[in-house]
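*Asks:* There's a structure below that I have some questions on.
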Amino acid sequence: MQKKIPMRTCIGCGTIKPKKELVRIVLTQDGKVIADRTGRAGGRGAYLCDDPACLEKALKRKSFARAFHMQIGPEACDRLKAEIGGDNAG
């Protein structure tokens, strides 16, 4: 019997992909927003393609505010831009 592949939807572009192909963005319990490439960090998560264009779409559409039930600050946006846009090696 074949193992089921977990699928997730990118909050930027809306594409459904295997979980391992997406980056999990996490709102930690202390209120920080981080990119969790391992997929194991604790906290509320949302999935995003590892593409700066998808990050820009998610920020423009306020997808993080809907996913996390709160606005994310400009410093969190800058950190995500550096992590998603800068280092694409996983």
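Labels for the structure tokens follow display order: chains A, B, ..., residues from 1 in each chain, ligands from 1.
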Would you list the contacts of Leu22 in chain A as a PDB file with C-alpha atoms, in the first residue's frame, taking every protein, DNA or RNA residue within 7 Å and counting only C-alpha atoms, but skipping same-chain residues closer than 4 positions in sequence?

*Replies:*
```pdb
ATOM      1  CA  TYR A  47       2.423  27.318   4.002  1.00  0.00           C
ATOM      2  CA  LEU A  48       4.118  29.333   1.280  1.00  0.00           C
ATOM      3  CA  CYS A  49       6.026  28.502  -1.906  1.00  0.00           C
ATOM      4  CA  ASP A  50       9.761  29.091  -1.605  1.00  0.00           C
TER       5      ASP A  50
END
```

*Asks:* Using only C-alpha atoms, which of the listed residues (A:Cys54, A:Ile72, A:Lys19, A:Lys60) sits closest to Arg37 in chain A?

*Replies:* A:Lys19

*Asks:* DSSP says alpha helix (DSSP H) for which residues of range 5-65 of chain A? Put them as a list in words?

*Replies:*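 Restricting range 5-65 of chain A to alpha helix (DSSP H) produces Pro52, Ala53, Cys54, Leu55, Glu56, Lys57, Ala58, Leu59, Lys60, Ser63, Phe64 and Ala65 of chain A.
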
*Asks:* Among chain A, which ones does DSSP assign to strand (DSSP E or B) (computed from the backbone)? Answer as a PyMOL selection string.

*Replies:* chain A and resi 7-9+16-18+22-27+33-36+44-49

*Asks:* Those same residues - C-alpha atoms - I'd like them written as a PDB file, in the first residue's frame.

*Replies:*
```
ATOM      1  CA  MET A   7      -0.692  18.257   0.413  1.00  0.00           C
ATOM      2  CA  ARG A   8      -0.863  21.926   1.453  1.00  0.00           C
ATOM      3  CA  THR A   9      -2.023  25.155  -0.207  1.00  0.00           C
ATOM      4  CA  ILE A  16      -1.695  22.933  -3.937  1.00  0.00           C
ATOM      5  CA  LYS A  17       1.666  21.169  -3.586  1.00  0.00           C
ATOM      6  CA  PRO A  18       3.220  18.403  -1.490  1.00  0.00           C
ATOM      7  CA  LEU A  22       6.508  24.433   0.675  1.00  0.00           C
ATOM      8  CA  VAL A  23       7.978  26.516   3.488  1.00  0.00           C
ATOM      9  CA  ARG A  24       6.014  26.596   6.724  1.00  0.00           C
ATOM     10  CA  ILE A  25       5.640  30.104   8.148  1.00  0.00           C
ATOM     11  CA  VAL A  26       5.012  29.928  11.892  1.00  0.00           C
ATOM     12  CA  LEU A  27       3.537  32.296  14.436  1.00  0.00           C
ATOM     13  CA  VAL A  33       6.807  35.071  12.765  1.00  0.00           C
ATOM     14  CA  ILE A  34       9.515  32.766  11.412  1.00  0.00           C
ATOM     15  CA  ALA A  35      10.156  30.604   8.355  1.00  0.00           C
ATOM     16  CA  ASP A  36      10.344  26.985   9.514  1.00  0.00           C
ATOM     17  CA  ARG A  44       0.280  28.211  14.238  1.00  0.00           C
ATOM     18  CA  GLY A  45       1.494  27.593  10.706  1.00  0.00           C
ATOM     19  CA  ALA A  46       0.755  28.632   7.150  1.00  0.00           C
ATOM     20  CA  TYR A  47       2.423  27.318   4.002  1.00  0.00           C
ATOM     21  CA  LEU A  48       4.118  29.333   1.280  1.00  0.00           C
ATOM     22  CA  CYS A  49       6.026  28.502  -1.906  1.00  0.00           C
TER      23      CYS A  49
END
```
